[in-house]
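*Asks:* As input, take target.cif (mmCIF, C-alpha atoms):
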data_run
#
loop_
_atom_site.label_atom_id
_atom_site.label_comp_id
_atom_site.auth_asym_id
_atom_site.auth_seq_id
_atom_site.Cartn_x
_atom_site.Cartn_y
_atom_site.Cartn_z
CA GLY P 681 -33.73 -72.66 -64.75
CA GLY P 682 -31.02 -75.21 -64.13
CA TYR P 683 -28.67 -72.95 -62.18
CA VAL P 684 -27.13 -73.45 -58.79
CA HIS P 685 -25.58 -70.54 -56.94
CA SER P 686 -23.10 -70.95 -54.14
CA HIS P 687 -20.56 -69.10 -52.04
CA ARG P 688 -21.98 -65.73 -52.99
CA GLY P 689 -20.19 -63.65 -50.42
CA ARG P 690 -16.49 -64.42 -50.64
CA GLY P 691 -15.13 -63.93 -54.15
CA ARG P 692 -11.60 -65.24 -53.78
CA GLY P 693 -8.67 -64.18 -55.86
CA GLY P 694 -9.01 -60.41 -55.92
CA ASP P 695 -7.81 -57.48 -53.84
CA PHE P 696 -10.60 -54.97 -53.86
CA GLY P 697 -8.83 -52.33 -51.82
CA GLY P 698 -10.92 -52.96 -48.73
CA GLY P 699 -14.16 -52.28 -50.57
CA ASP P 700 -13.52 -48.62 -51.33
CA PHE P 701 -15.15 -47.12 -54.37
CA TYR P 702 -15.51 -43.72 -55.94
CA SER P 703 -18.98 -42.38 -55.24
CA GLU P 704 -20.57 -39.41 -56.96
CA GLY P 705 -19.67 -37.34 -53.92
CA GLY P 706 -16.05 -38.46 -53.89
CA ARG P 707 -14.17 -41.47 -52.65
CA GLY P 708 -16.04 -43.40 -49.99
CA ARG P 709 -17.82 -46.52 -48.91
CA GLY P 710 -21.26 -45.75 -50.20
CA ARG P 711 -21.97 -42.67 -48.11
CA GLY P 712 -23.85 -40.01 -49.96
CA ARG P 713 -24.26 -38.99 -53.57
CA GLY P 714 -22.88 -35.46 -53.63
CA GLY P 715 -22.34 -32.87 -56.30
CA VAL P 716 -19.31 -34.25 -58.11
CA ASP P 717 -19.85 -35.29 -61.70
CA PRO P 718 -18.98 -39.03 -61.76
CA ARG P 719 -17.57 -38.57 -65.25
CA SER P 720 -14.70 -36.59 -63.69
CA LEU P 721 -13.61 -39.45 -61.45
CA SER P 722 -10.80 -41.89 -62.14
CA ARG P 723 -11.57 -44.74 -64.50
CA SER P 724 -10.46 -48.27 -63.74
CA ARG P 725 -11.34 -51.81 -64.75
CA SER P 726 -13.44 -52.25 -61.59
CA ILE P 727 -17.05 -51.19 -61.13
CA TYR P 728 -19.00 -50.88 -57.89
CA VAL P 729 -22.60 -52.04 -58.46
CA GLY P 730 -24.99 -50.84 -55.77
CA ASN P 731 -28.73 -50.84 -55.00
CA LEU P 732 -29.07 -54.51 -55.89
CA PRO P 733 -32.37 -56.25 -55.09
CA HIS P 734 -32.15 -58.18 -51.83
CA THR P 735 -32.77 -61.58 -53.43
CA VAL P 736 -30.52 -61.09 -56.45
CA THR P 737 -28.17 -63.87 -57.52
CA LEU P 738 -24.61 -63.41 -58.66
CA SER P 739 -25.50 -64.84 -62.07
CA GLU P 740 -28.08 -62.12 -62.66
CA ILE P 741 -25.43 -59.48 -62.02
CA CYS P 742 -22.93 -61.19 -64.28
CA ASP P 743 -25.53 -61.56 -67.02
CA LEU P 744 -25.94 -57.77 -67.12
CA ALA P 745 -22.19 -57.37 -67.61
CA ALA P 746 -21.91 -60.13 -70.22
CA ASN P 747 -22.88 -57.83 -73.08
CA PHE P 748 -19.99 -55.48 -72.28
CA GLY P 749 -17.03 -57.80 -71.86
CA LEU P 750 -15.23 -60.47 -69.88
CA LEU P 751 -15.00 -60.33 -66.10
CA GLU P 752 -11.69 -61.29 -64.53
CA SER P 753 -13.03 -61.52 -60.98
CA MET P 754 -15.80 -60.28 -58.72
CA ARG P 755 -16.90 -59.85 -55.17
CA PHE P 756 -20.55 -60.14 -54.17
CA MET P 757 -21.89 -58.80 -50.89
CA PRO P 758 -25.53 -59.98 -50.82
CA SER P 759 -26.19 -58.86 -47.25
CA ALA P 760 -25.16 -55.33 -48.21
CA THR P 761 -26.80 -55.41 -51.68
CA TYR P 762 -23.69 -54.45 -53.60
CA ALA P 763 -20.99 -56.08 -55.68
CA PHE P 764 -17.66 -55.31 -57.32
CA LEU P 765 -17.06 -56.43 -60.90
CA ASN P 766 -13.50 -56.49 -62.23
CA PHE P 767 -13.42 -56.49 -66.02
CA VAL P 768 -10.45 -57.74 -68.01
CA SER P 769 -10.42 -54.47 -69.95
CA GLU P 770 -10.81 -50.92 -68.65
CA LYS P 771 -12.55 -50.04 -71.92
CA GLU P 772 -15.17 -52.72 -71.30
CA ALA P 773 -15.62 -51.48 -67.74
CA TYR P 774 -16.10 -47.94 -69.05
CA ASN P 775 -18.79 -49.06 -71.50
CA PHE P 776 -20.65 -50.81 -68.68
CA TRP P 777 -20.27 -47.79 -66.39
CA GLU P 778 -21.38 -45.37 -69.11
CA SER P 779 -24.56 -47.36 -69.74
CA GLY P 780 -25.41 -46.93 -66.07
CA GLN P 781 -25.13 -43.13 -66.29
CA SER P 782 -27.94 -42.78 -68.84
CA SER P 783 -30.41 -40.21 -67.53
CA SER P 784 -33.31 -42.05 -69.16
CA THR P 785 -32.93 -45.69 -68.16
CA GLY P 786 -29.54 -46.49 -66.67
CA ILE P 787 -29.30 -50.17 -65.85
CA MET P 788 -32.27 -51.72 -64.10
CA LEU P 789 -32.50 -55.05 -62.31
CA ARG P 790 -35.85 -56.27 -60.98
CA GLY P 791 -37.11 -52.71 -60.90
CA ASN P 792 -34.06 -51.28 -59.11
CA ARG P 793 -31.93 -48.73 -60.90
CA LEU P 794 -28.36 -49.83 -60.20
CA PHE P 795 -25.72 -47.40 -58.97
CA LEU P 796 -22.52 -47.85 -60.96
CA ASN P 797 -19.35 -46.19 -59.72
CA TRP P 798 -15.62 -46.64 -60.15
CA ALA P 799 -13.87 -48.96 -57.73
CA LYS P 800 -10.23 -49.74 -57.01
CA ALA P 801 -8.66 -52.82 -58.51
CA PRO P 802 -5.02 -53.86 -58.70
CA PRO P 803 -3.44 -54.47 -62.10
CA ILE P 804 -4.04 -57.96 -63.44
CA GLU P 805 -1.09 -60.13 -62.42
CA PRO P 806 1.29 -61.11 -65.24
CA GLN P 807 0.50 -64.82 -64.94
CA VAL P 808 -3.21 -64.09 -65.20
CA LEU P 809 -2.61 -61.90 -68.25
CA GLN P 810 -0.77 -64.82 -69.84
CA LEU P 811 -3.75 -67.06 -69.15
CA ILE P 812 -6.12 -64.51 -70.70
CA GLU P 813 -3.92 -64.10 -73.77
CA ALA P 814 -4.01 -67.89 -74.14
CA GLY P 815 -7.81 -67.85 -74.12
CA ALA P 816 -8.66 -68.34 -70.45
CA THR P 817 -12.01 -67.12 -69.12
CA ARG P 818 -14.10 -67.75 -65.99
CA HIS P 819 -16.37 -69.95 -68.08
CA LEU P 820 -15.81 -73.68 -68.44
CA LEU P 821 -17.54 -76.28 -70.56
CA VAL P 822 -17.37 -79.65 -68.83
CA SER P 823 -18.05 -82.49 -71.29
CA ASN P 824 -18.31 -86.26 -71.19
CA ILE P 825 -20.21 -86.45 -67.92
CA SER P 826 -22.94 -88.90 -67.05
CA GLU P 827 -26.59 -87.90 -67.40
CA GLN P 828 -26.91 -88.68 -63.70
CA THR P 829 -24.32 -86.09 -62.69
CA SER P 830 -25.87 -83.65 -60.21
CA HIS P 831 -25.37 -79.99 -59.39
CA ARG P 832 -24.04 -80.97 -55.97
CA GLN P 833 -21.43 -83.29 -57.45
CA LEU P 834 -20.11 -80.61 -59.79
CA SER P 835 -20.25 -77.94 -57.11
CA ASP P 836 -18.27 -80.10 -54.70
CA LEU P 837 -15.76 -80.88 -57.45
CA PHE P 838 -15.16 -77.33 -58.64
CA ARG P 839 -15.34 -75.40 -55.39
CA GLN P 840 -12.04 -77.00 -54.40
CA PHE P 841 -10.48 -74.43 -56.73
CA GLY P 842 -12.46 -71.32 -55.83
CA ASP P 843 -15.93 -69.91 -55.59
CA VAL P 844 -18.53 -71.04 -58.12
CA GLU P 845 -20.76 -68.41 -59.72
CA SER P 846 -23.19 -70.82 -61.37
CA ILE P 847 -23.62 -74.28 -62.84
CA LYS P 848 -25.96 -75.20 -65.66
CA LEU P 849 -26.41 -78.87 -66.44
CA MET P 850 -27.07 -80.04 -69.99
CA PRO P 851 -27.74 -83.76 -69.40
CA GLU P 852 -28.95 -84.35 -72.94
CA GLN P 853 -25.50 -83.31 -74.14
CA GLY P 854 -23.58 -85.02 -71.36
CA ALA P 855 -22.15 -81.63 -70.43
CA ALA P 856 -22.41 -78.66 -68.08
CA ASN P 857 -21.43 -75.00 -68.05
CA VAL P 858 -19.50 -74.11 -64.89
CA ASN P 859 -18.77 -70.45 -64.23
CA MET P 860 -16.17 -69.62 -61.60
CA THR P 861 -15.87 -66.21 -59.93
CA THR P 862 -12.29 -65.66 -61.11
CA ILE P 863 -10.23 -66.58 -64.14
CA THR P 864 -7.52 -67.87 -61.79
CA ALA P 865 -9.94 -70.35 -60.20
CA ALA P 866 -11.19 -71.49 -63.60
CA ALA P 867 -7.64 -72.06 -64.83
CA SER P 868 -6.77 -74.09 -61.72
CA ALA P 869 -9.90 -76.21 -62.12
CA LYS P 870 -9.26 -76.81 -65.81
CA GLU P 871 -5.66 -77.84 -65.21
CA ALA P 872 -6.60 -80.27 -62.43
CA LEU P 873 -9.80 -81.75 -63.84
CA HIS P 874 -9.27 -82.03 -67.60
CA GLY P 875 -8.80 -85.72 -68.33
CA LEU P 876 -9.94 -86.79 -64.85
CA THR P 877 -11.66 -90.17 -64.76
CA MET P 878 -14.95 -90.06 -62.87
CA GLY P 879 -15.85 -92.97 -60.63
CA GLY P 880 -12.94 -95.08 -61.87
CA ASN P 881 -14.70 -95.54 -65.21
CA ASN P 882 -12.62 -94.60 -68.27
CA ARG P 883 -15.87 -93.97 -70.12
CA TRP P 884 -16.35 -90.82 -68.04
CA LYS P 885 -13.08 -88.98 -68.61
CA LEU P 886 -13.78 -85.27 -68.20
CA THR P 887 -13.08 -82.78 -70.94
CA VAL P 888 -12.79 -79.23 -69.57
CA THR P 889 -12.45 -76.32 -72.00
CA TYR P 890 -12.77 -72.55 -71.81
CA THR P 891 -15.82 -70.88 -73.28
CA ARG P 892 -16.97 -67.30 -73.59
CA PRO P 893 -20.21 -66.13 -72.00
CA VAL P 894 -23.23 -66.13 -74.26
CA ALA P 895 -24.14 -62.47 -74.57
CA LEU P 896 -27.71 -61.58 -73.76
CA THR P 897 -30.04 -61.40 -76.72
CA THR P 898 -31.51 -58.00 -77.49
CA SER P 899 -34.87 -59.00 -76.02
CA GLN P 900 -33.26 -60.30 -72.83
CA LEU P 901 -31.17 -57.16 -72.47
CA VAL P 902 -34.19 -54.90 -72.97
CA ALA P 903 -36.11 -56.95 -70.41
CA ALA P 904 -33.25 -56.55 -67.95
CA LEU P 905 -33.03 -52.80 -68.48
CA VAL P 906 -36.76 -52.06 -68.23
CA PRO P 907 -38.36 -52.02 -64.75
CA ARG P 908 -40.96 -54.65 -64.07
CA SER P 909 -44.42 -53.21 -63.75
#
Show me the file's structure as structure tokens.

*Replies:*
Amino acid sequence: GGYVHSHRGRGRGGDFGGGDFYSEGGRGRGRGRGGVDPRSLSRSRSIYVGNLPHTVTLSEICDLAANFGLLESMRFMPSATYAFLNFVSEKEAYNFWESGQSSSTGIMLRGNRLFLNWAKAPPIEPQVLQLIEAGATRHLLVSNISEQTSHRQLSDLFRQFGDVESIKLMPEQGAANVNMTTITAAASAKEALHGLTMGGNNRWKLTVTYTRPVALTTSQLVAALVPRS
């Protein structure tokens, strides 16, 4: 549906503590689901998301989190079917985590019930906090581009600054939505590319602005939470 996904496994810009997370059986790397109530474990702004479908895309994972708050960074491990999502706010992370603990539905993706556990994340660096307070997000609206602009061209342009989560072209509007995997990467791209002239033609001077993710509609969210028959 107009998306391109790239560089799914690296997730620059975040220290995820070597991949440790807090499982239901205690702190570990995914081994076992013991008898410890996960509600008693330490909260953080980082969530381990496990039991992902093998063919899942990073955008699908991010879409599930969009209804709960802004992500500051992430790390996707497609070969191991898990990811780490670092929210801007611990409260938003808690709301996402709590939804996954529901005994009735939890959070489902393509028929898989996702395992949500606490993960380790360092505090957001002061310069990143300043960016966030000034309105920075991972989400960029790139305007004043030619209708002929391709996914590959935008991917090559933006991946100079970090990993790209997804790109959605809107040729009828002469624009595209570019989602980076970290706020830091998005800020670097915006600073470097805003006002850039494409192809030496002043007509195509890029406008790059921050946007917020479009939260899932109720019907989309319900569809995401309910297993496919």

*Asks:* I need the output of the PyMOL selection byres ((chain P and resi 859) around 8) for this file as a list in words; which residues are they?

*Replies:*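 That selection, the PyMOL selection byres ((chain P and resi 859) around 8), comes back as Arg818, His819, Leu820, Val844, Glu845, Ser846, Ile847, Asn857, Val858, Met860, Thr861 and Ala866 of chain P.
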
*Asks:* Go ahead and dump the residues you just picked, C-alpha atoms, as an mmCIF file, in the coordinates of the input.

*Replies:*
data_model
loop_
_atom_site.group_PDB
_atom_site.id
_atom_site.type_symbol
_atom_site.label_atom_id
_atom_site.label_comp_id
_atom_site.auth_asym_id
_atom_site.auth_seq_id
_atom_site.Cartn_x
_atom_site.Cartn_y
_atom_site.Cartn_z
ATOM 1 C CA ARG P 818 -14.100 -67.750 -65.990
ATOM 2 C CA HIS P 819 -16.370 -69.950 -68.080
ATOM 3 C CA LEU P 820 -15.810 -73.680 -68.440
ATOM 4 C CA VAL P 844 -18.530 -71.040 -58.120
ATOM 5 C CA GLU P 845 -20.760 -68.410 -59.720
ATOM 6 C CA SER P 846 -23.190 -70.820 -61.370
ATOM 7 C CA ILE P 847 -23.620 -74.280 -62.840
ATOM 8 C CA ASN P 857 -21.430 -75.000 -68.050
ATOM 9 C CA VAL P 858 -19.500 -74.110 -64.890
ATOM 10 C CA MET P 860 -16.170 -69.620 -61.600
ATOM 11 C CA THR P 861 -15.870 -66.210 -59.930
ATOM 12 C CA ALA P 866 -11.190 -71.490 -63.600
#

*Asks:* Mind checking which residues fall within 9 Å of P:Ala763, counting only C-alpha atoms, ignoring those fewer than 5 positions away in the same chain, and posting them as an MDAnalysis selection string?

*Replies:* chainID P and resid 727:730 732 738 741 754:758

*Asks:* Smallest atom-to-atom distance to P:Ser759: which of P:Ser779, P:Thr735, P:Asn747, P:Leu821, using all atoms listed in the file?

*Replies:*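 Distance minimum relative to P:Ser759 lands on P:Thr735.
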
*Asks:* Work out how far atom CA of P:Val808 is from atom CA of P:Thr864, in Å to one decimal.

*Replies:*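 Interatomic distance here is 6.7 Å.
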
*Asks:* Using all atoms listed in the file, can you tell me which of P:Asp836, P:Glu871, P:Asp843, P:Glu827 comes closest to P:Ala856?

*Replies:*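 So, comparing all the options, the nearest one is P:Glu827.
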
*Asks:* What lies within 8 Å of P:Phe841 using only C-alpha atoms, ignoring chain neighbours under 2 positions off, as a tab-separated table (two decimals) with C-alpha atoms, in the frame of the given file?

*Replies:*
chain	number	residue	atom	x	y	z
P	838	PHE	CA	-15.16	-77.33	-58.64
P	839	ARG	CA	-15.34	-75.40	-55.39
P	843	ASP	CA	-15.93	-69.91	-55.59
P	865	ALA	CA	-9.94	-70.35	-60.20
P	866	ALA	CA	-11.19	-71.49	-63.60
P	868	SER	CA	-6.77	-74.09	-61.72
P	869	ALA	CA	-9.90	-76.21	-62.12

*Asks:* Applied to this file, what does the PyMOL selection byres ((chain P and resi 786) around 12) return in terms of residues, put as a PDB file with C-alpha atoms, in the coordinates of the input?

*Replies:*
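For reference, selection.pdb as written:
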ATOM      1  CA  LEU P 744     -25.940 -57.770 -67.120  1.00  0.00           C
ATOM      2  CA  PHE P 776     -20.650 -50.810 -68.680  1.00  0.00           C
ATOM      3  CA  TRP P 777     -20.270 -47.790 -66.390  1.00  0.00           C
ATOM      4  CA  GLU P 778     -21.380 -45.370 -69.110  1.00  0.00           C
ATOM      5  CA  SER P 779     -24.560 -47.360 -69.740  1.00  0.00           C
ATOM      6  CA  GLY P 780     -25.410 -46.930 -66.070  1.00  0.00           C
ATOM      7  CA  GLN P 781     -25.130 -43.130 -66.290  1.00  0.00           C
ATOM      8  CA  SER P 782     -27.940 -42.780 -68.840  1.00  0.00           C
ATOM      9  CA  SER P 783     -30.410 -40.210 -67.530  1.00  0.00           C
ATOM     10  CA  SER P 784     -33.310 -42.050 -69.160  1.00  0.00           C
ATOM     11  CA  THR P 785     -32.930 -45.690 -68.160  1.00  0.00           C
ATOM     12  CA  ILE P 787     -29.300 -50.170 -65.850  1.00  0.00           C
ATOM     13  CA  MET P 788     -32.270 -51.720 -64.100  1.00  0.00           C
ATOM     14  CA  LEU P 789     -32.500 -55.050 -62.310  1.00  0.00           C
ATOM     15  CA  GLY P 791     -37.110 -52.710 -60.900  1.00  0.00           C
ATOM     16  CA  ASN P 792     -34.060 -51.280 -59.110  1.00  0.00           C
ATOM     17  CA  ARG P 793     -31.930 -48.730 -60.900  1.00  0.00           C
ATOM     18  CA  LEU P 794     -28.360 -49.830 -60.200  1.00  0.00           C
ATOM     19  CA  PHE P 795     -25.720 -47.400 -58.970  1.00  0.00           C
ATOM     20  CA  LEU P 796     -22.520 -47.850 -60.960  1.00  0.00           C
ATOM     21  CA  VAL P 902     -34.190 -54.900 -72.970  1.00  0.00           C
ATOM     22  CA  ALA P 904     -33.250 -56.550 -67.950  1.00  0.00           C
ATOM     23  CA  LEU P 905     -33.030 -52.800 -68.480  1.00  0.00           C
ATOM     24  CA  VAL P 906     -36.760 -52.060 -68.230  1.00  0.00           C
ATOM     25  CA  PRO P 907     -38.360 -52.020 -64.750  1.00  0.00           C
TER      26      PRO P 907
END

*Asks:* Looking at P:Tyr762, P:Glu813, P:Arg790, P:Gly854, which one is nearest to P:Gln828, with distances taken over all atoms listed in the file?

*Replies:* P:Gly854

*Asks:* Could you state the separation of atom CA of P:Lys848 and atom CA of P:Arg883 in Å, given to one decimal place?

*Replies:*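 Taking atom CA of P:Lys848 as the start and atom CA of P:Arg883 as the end point, the length is 21.8 Å.
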
*Asks:* Please write as a ChimeraX atom specification the list of polymer residues whose atoms come within 6 Å of (-19.0, -89.2, -69.7), counting all atoms listed in the file and keeping to the coordinates of the file.

*Replies:* /P:824-826,883-884
